[in-house]
Amino acid sequence: MADKSKKIPGPHIVVCIKPVPDPARWDKLELDPDTMLLNRNEVPAVINALDLNALEQALAIKETSGARISVLTMAPAAAEDELREALAMGCDGAYLASDRAFAGADTLATARCLAAAIAKIGGADLVFCGGYSVDGSTAQVGPQIAELLGIPDLTHVVSLELAGHGLRAACKVEEGTLVAECDLPALVTFDREANRPRLPTMPGIRRARAIAVISWNAIDLGLDPDSVGLKGSPTQMLSVFTQSHGRKGEVLSGSAAEMADTLVAKLRADKALD
């Protein structure tokens, strides 16, 4: 007879988050013409909006099943602030993949690093990600992580339920909503309709201060420096520039007919009219 007093552990969930420039301050963002990357130094970072939906789903599962939640990011050392925010919301452990070698990573190099970190954590029953990041919007990292880990993935999920050793999810598609099922382990990406993310609490903030953030570099993760960052990115920016918003004005004079003739002549000269 089974011991009913023995608590059955819930699933282990790894939530991948990305610190992104605060959308409210995007007017301060500048492009570096040498590196062809965004200069983010003047804009504070926040957790990517859809990653908060992924966190909320993990926390909701924890409340009903006793799940253990690990939050993970690949970012500079300053991202510890965003990891502690996730801990204050209710996550149990935090992991930071941080190395100069990771700089300039495209989606594949990023997924390669995160997949290695998930494996080093000890794997997961569920990996949760935001559907896309506001500063990239490729929606590629989640599915690439799943491919590297060899697990199924469900994307753009708006509702999710666990049942036994599998899950059932409603996924947004162009035609409407698709209901899909898969076995665990699995990776899921979430859209904003999935839930309403909670805010950290004061007890949670105090608790988060006592939890150590574990940091790993490329060597710790067993990654070849040539497989990560800019070197390991098959997708690279060839050219980038800031679009000029200036306008050149010209005032026409004369009668209405004369100004109309002058305008038509200028448009034809610029080949705007045949």
# chains A, B, ... in the order shown; residues from 1 in each chain; ligands from 1
call {"tool": "residues_around", "arguments": {"residues": "segment 69-83 of chain A", "least_positions_apart": "3", "cutoff": "9 Å", "atoms": "only C-alpha atoms", "output": "NGL selection string"}}
result
:A and (11-19 or 45-47 or 55 or 58-59 or 62 or 86-88 or 90-100 or 102-103 or 110 or 113-114 or 117-118 or 121 or 213 or 215)
call {"tool": "residues_around", "arguments": {"residues": "Ala109 of chain A", "least_positions_apart": "5", "cutoff": "12 Å", "atoms": "only C-alpha atoms", "output": "ChimeraX atom specification"}}
result
/A:74,101-104,114-116,140-141,144-145,148,218,223-236
call {"tool": "closest_atom_pairs", "arguments": {"of": "segment 66-145 of chain A", "to": "segment 170-184 of chain A", "cutoff": "12 Å", "atoms": "only C-alpha atoms", "output": "CSV"}}
result
residue,atom,partner,partner_atom,distance
A:Gly123,CA,A:Leu184,CA,11.7
A:Ala124,CA,A:Leu184,CA,9.2
A:Asp125,CA,A:Leu184,CA,6.0
A:Leu126,CA,A:Leu184,CA,7.0
A:Val127,CA,A:Leu184,CA,10.0
A:Gly131,CA,A:Lys172,CA,10.5
call {"tool": "select_by_dssp", "arguments": {"residues": "segment 141-207 of chain A", "states": "alpha helix (DSSP H)", "output": "ChimeraX atom specification"}}
result
/A:141-149,202-207
call {"tool": "write_last_selection", "arguments": {"atoms": "C-alpha atoms", "output": "tab-separated table (two decimals), in the first residue's frame"}}
result
chain	number	residue	atom	x	y	z
A	141	VAL	CA	15.02	30.91	-29.00
A	142	GLY	CA	12.42	28.72	-27.28
A	143	PRO	CA	11.99	26.23	-30.15
A	144	GLN	CA	15.76	26.14	-30.67
A	145	ILE	CA	16.31	25.24	-27.00
A	146	ALA	CA	13.76	22.44	-27.37
A	147	GLU	CA	15.53	21.12	-30.45
A	148	LEU	CA	18.91	21.15	-28.71
A	149	LEU	CA	17.44	19.37	-25.66
A	202	MET	CA	7.88	42.57	0.42
A	203	PRO	CA	8.34	39.15	2.10
A	204	GLY	CA	9.43	37.81	-1.28
A	205	ILE	CA	11.98	40.60	-1.68
A	206	ARG	CA	13.44	39.84	1.75
A	207	ARG	CA	13.54	36.12	0.91
call {"tool": "select_by_dssp", "arguments": {"residues": "segment 53-220 of chain A", "states": "strand (DSSP E)", "output": "VMD selection string"}}
result
chain A and resid 68 to 74 93 to 97 126 to 130 153 to 163 166 to 173 176 to 183 186 to 190 213 to 216
call {"tool": "write_last_selection", "arguments": {"atoms": "C-alpha atoms", "output": "PDB file, in the first residue's frame"}}
result
ATOM      1  CA  ARG A  68      10.249  23.721  -7.949  1.00  0.00           C
ATOM      2  CA  ILE A  69      11.124  26.724 -10.123  1.00  0.00           C
ATOM      3  CA  SER A  70      14.578  27.684 -11.376  1.00  0.00           C
ATOM      4  CA  VAL A  71      14.952  30.982 -13.228  1.00  0.00           C
ATOM      5  CA  LEU A  72      17.716  31.244 -15.835  1.00  0.00           C
ATOM      6  CA  THR A  73      19.154  33.973 -18.029  1.00  0.00           C
ATOM      7  CA  MET A  74      22.124  34.539 -20.338  1.00  0.00           C
ATOM      8  CA  GLY A  93      16.735  29.137  -7.508  1.00  0.00           C
ATOM      9  CA  ALA A  94      18.471  31.499  -9.926  1.00  0.00           C
ATOM     10  CA  TYR A  95      21.144  30.843 -12.536  1.00  0.00           C
ATOM     11  CA  LEU A  96      23.130  33.339 -14.595  1.00  0.00           C
ATOM     12  CA  ALA A  97      25.107  32.402 -17.710  1.00  0.00           C
ATOM     13  CA  LEU A 126       9.156  21.823 -18.108  1.00  0.00           C
ATOM     14  CA  VAL A 127      11.021  24.721 -19.703  1.00  0.00           C
ATOM     15  CA  PHE A 128       9.023  27.948 -19.968  1.00  0.00           C
ATOM     16  CA  CYS A 129       9.909  30.963 -22.141  1.00  0.00           C
ATOM     17  CA  GLY A 130       8.179  34.090 -23.358  1.00  0.00           C
ATOM     18  CA  ASP A 153       7.714  22.300 -27.766  1.00  0.00           C
ATOM     19  CA  LEU A 154       4.385  24.101 -27.802  1.00  0.00           C
ATOM     20  CA  THR A 155       4.489  27.762 -28.829  1.00  0.00           C
ATOM     21  CA  HIS A 156       2.361  30.878 -28.340  1.00  0.00           C
ATOM     22  CA  VAL A 157       0.399  29.190 -25.568  1.00  0.00           C
ATOM     23  CA  VAL A 158      -2.519  31.096 -24.026  1.00  0.00           C
ATOM     24  CA  SER A 159      -3.691  28.414 -21.564  1.00  0.00           C
ATOM     25  CA  LEU A 160      -2.069  25.322 -20.099  1.00  0.00           C
ATOM     26  CA  GLU A 161      -3.009  22.382 -17.909  1.00  0.00           C
ATOM     27  CA  LEU A 162      -0.936  19.457 -16.648  1.00  0.00           C
ATOM     28  CA  ALA A 163      -2.329  15.942 -16.662  1.00  0.00           C
ATOM     29  CA  GLY A 166       1.835  15.262 -20.104  1.00  0.00           C
ATOM     30  CA  LEU A 167       0.300  18.639 -20.781  1.00  0.00           C
ATOM     31  CA  ARG A 168      -2.548  20.103 -22.776  1.00  0.00           C
ATOM     32  CA  ALA A 169      -2.316  23.620 -24.176  1.00  0.00           C
ATOM     33  CA  ALA A 170      -4.235  26.092 -26.290  1.00  0.00           C
ATOM     34  CA  CYS A 171      -1.856  27.697 -28.805  1.00  0.00           C
ATOM     35  CA  LYS A 172      -2.495  30.822 -30.873  1.00  0.00           C
ATOM     36  CA  VAL A 173      -2.303  30.217 -34.621  1.00  0.00           C
ATOM     37  CA  GLY A 176      -7.508  31.010 -34.243  1.00  0.00           C
ATOM     38  CA  THR A 177      -6.592  28.577 -31.445  1.00  0.00           C
ATOM     39  CA  LEU A 178      -5.117  25.092 -31.696  1.00  0.00           C
ATOM     40  CA  VAL A 179      -5.362  22.628 -28.791  1.00  0.00           C
ATOM     41  CA  ALA A 180      -2.277  20.412 -28.542  1.00  0.00           C
ATOM     42  CA  GLU A 181      -1.006  17.742 -26.167  1.00  0.00           C
ATOM     43  CA  CYS A 182       2.466  16.337 -25.531  1.00  0.00           C
ATOM     44  CA  ASP A 183       4.417  14.283 -23.019  1.00  0.00           C
ATOM     45  CA  ALA A 186       8.548  19.700 -22.835  1.00  0.00           C
ATOM     46  CA  LEU A 187       9.183  23.356 -23.603  1.00  0.00           C
ATOM     47  CA  VAL A 188       6.378  25.929 -23.714  1.00  0.00           C
ATOM     48  CA  THR A 189       6.388  29.552 -24.874  1.00  0.00           C
ATOM     49  CA  PHE A 190       3.667  31.937 -23.706  1.00  0.00           C
ATOM     50  CA  VAL A 213      22.562  33.476  -7.653  1.00  0.00           C
ATOM     51  CA  ILE A 214      24.709  30.787  -9.293  1.00  0.00           C
ATOM     52  CA  SER A 215      26.817  32.128 -12.170  1.00  0.00           C
ATOM     53  CA  TRP A 216      28.473  30.086 -14.933  1.00  0.00           C
TER      54      TRP A 216
END
call {"tool": "atom_distance", "arguments": {"atom1": "atom CA of Gly66 of chain A", "atom2": "atom CA of Gly10 of chain A"}}
result
4.9 Å
call {"tool": "atom_distance", "arguments": {"atom1": "atom CA of Glu42 of chain A", "atom2": "atom CA of Lys28 of chain A"}}
result
6.6 Å
call {"tool": "closest_residue", "arguments": {"among": "A:Met259, A:Leu252, A:Ala265, A:Ala49", "to": "Asp135 of chain A", "atoms": "only C-alpha atoms"}}
result
A:Ala49
call {"tool": "atom_distance", "arguments": {"atom1": "atom CA of Glu193 of chain A", "atom2": "atom CA of Pro44 of chain A"}}
result
25.7 Å
call {"tool": "residues_around", "arguments": {"residues": "Gln57 of chain A", "least_positions_apart": "4", "cutoff": "8 Å", "atoms": "only C-alpha atoms", "output": "PyMOL selection string"}}
result
chain A and resi 53+61+194-195
call {"tool": "closest_residue", "arguments": {"among": "A:Ser255, A:Pro185, A:Gly150, A:Val134", "to": "His165 of chain A", "atoms": "only C-alpha atoms"}}
result
A:Pro185
call {"tool": "decode", "arguments": {"residues": "segment 196-225 of chain A", "atoms": "N, CA and C atoms", "output": "CSV table (one decimal), in the first residue's frame"}}
result
chain,number,residue,atom,x,y,z
A,196,ARG,N,-2.1,37.1,-16.1
A,196,ARG,CA,-1.7,38.5,-15.6
A,196,ARG,C,-0.6,38.3,-14.6
A,197,PRO,N,0.6,38.7,-14.9
A,197,PRO,CA,1.7,38.4,-14.0
A,197,PRO,C,1.6,39.2,-12.7
A,198,ARG,N,2.0,38.5,-11.6
A,198,ARG,CA,1.9,39.1,-10.3
A,198,ARG,C,3.1,40.1,-10.1
A,199,LEU,N,3.1,40.8,-9.0
A,199,LEU,CA,4.2,41.7,-8.6
A,199,LEU,C,5.0,41.0,-7.4
A,200,PRO,N,6.2,41.3,-7.3
A,200,PRO,CA,7.0,40.8,-6.1
A,200,PRO,C,6.3,41.4,-4.8
A,201,THR,N,6.4,40.6,-3.7
A,201,THR,CA,5.9,41.0,-2.5
A,201,THR,C,7.1,41.4,-1.6
A,202,MET,N,6.8,42.2,-0.5
A,202,MET,CA,7.9,42.6,0.4
A,202,MET,C,8.5,41.3,1.1
A,203,PRO,N,7.7,40.4,1.6
A,203,PRO,CA,8.3,39.1,2.1
A,203,PRO,C,9.2,38.4,1.0
A,204,GLY,N,8.7,38.4,-0.2
A,204,GLY,CA,9.4,37.8,-1.3
A,204,GLY,C,10.7,38.5,-1.5
A,205,ILE,N,10.7,39.8,-1.5
A,205,ILE,CA,12.0,40.6,-1.7
A,205,ILE,C,13.0,40.3,-0.6
A,206,ARG,N,12.5,40.2,0.7
A,206,ARG,CA,13.4,39.8,1.8
A,206,ARG,C,14.0,38.4,1.6
A,207,ARG,N,13.1,37.5,1.1
A,207,ARG,CA,13.5,36.1,0.9
A,207,ARG,C,14.6,36.0,-0.2
A,208,ALA,N,14.4,36.8,-1.3
A,208,ALA,CA,15.2,36.8,-2.4
A,208,ALA,C,16.7,37.2,-2.1
A,209,ARG,N,16.8,38.1,-1.1
A,209,ARG,CA,18.1,38.6,-0.7
A,209,ARG,C,19.0,37.4,-0.2
A,210,ALA,N,18.4,36.4,0.4
A,210,ALA,CA,19.1,35.4,1.1
A,210,ALA,C,19.5,34.2,0.1
A,211,ILE,N,19.0,34.3,-1.1
A,211,ILE,CA,19.3,33.2,-2.1
A,211,ILE,C,20.4,33.6,-3.0
A,212,ALA,N,21.4,32.7,-3.1
A,212,ALA,CA,22.6,32.9,-3.9
A,212,ALA,C,22.3,32.7,-5.4
A,213,VAL,N,22.7,33.6,-6.2
A,213,VAL,CA,22.6,33.5,-7.7
A,213,VAL,C,23.8,32.7,-8.1
A,214,ILE,N,23.6,31.6,-8.8
A,214,ILE,CA,24.7,30.8,-9.3
A,214,ILE,C,25.1,31.3,-10.7
A,215,SER,N,26.4,31.6,-10.9
A,215,SER,CA,26.8,32.1,-12.2
A,215,SER,C,27.8,31.2,-12.8
A,216,TRP,N,27.6,31.0,-14.1
A,216,TRP,CA,28.5,30.1,-14.9
A,216,TRP,C,29.0,30.8,-16.2
A,217,ASN,N,30.2,30.5,-16.6
A,217,ASN,CA,30.8,31.0,-17.8
A,217,ASN,C,30.8,29.9,-18.8
A,218,ALA,N,31.4,30.2,-20.0
A,218,ALA,CA,31.4,29.2,-21.1
A,218,ALA,C,32.1,28.0,-20.7
A,219,ILE,N,33.2,28.1,-20.0
A,219,ILE,CA,34.0,26.9,-19.6
A,219,ILE,C,33.2,26.1,-18.6
A,220,ASP,N,32.5,26.7,-17.6
A,220,ASP,CA,31.7,26.0,-16.7
A,220,ASP,C,30.6,25.2,-17.4
A,221,LEU,N,30.1,25.7,-18.5
A,221,LEU,CA,29.0,25.1,-19.2
A,221,LEU,C,29.5,24.1,-20.2
A,222,GLY,N,30.8,23.9,-20.3
A,222,GLY,CA,31.4,23.0,-21.3
A,222,GLY,C,31.2,23.4,-22.7
A,223,LEU,N,31.2,24.7,-23.0
A,223,LEU,CA,30.9,25.3,-24.3
A,223,LEU,C,32.2,25.7,-25.0
A,224,ASP,N,32.4,25.4,-26.2
A,224,ASP,CA,33.5,25.9,-27.0
A,224,ASP,C,33.3,27.4,-27.3
A,225,PRO,N,34.3,28.3,-26.9
A,225,PRO,CA,34.1,29.7,-27.2
A,225,PRO,C,33.7,30.0,-28.6
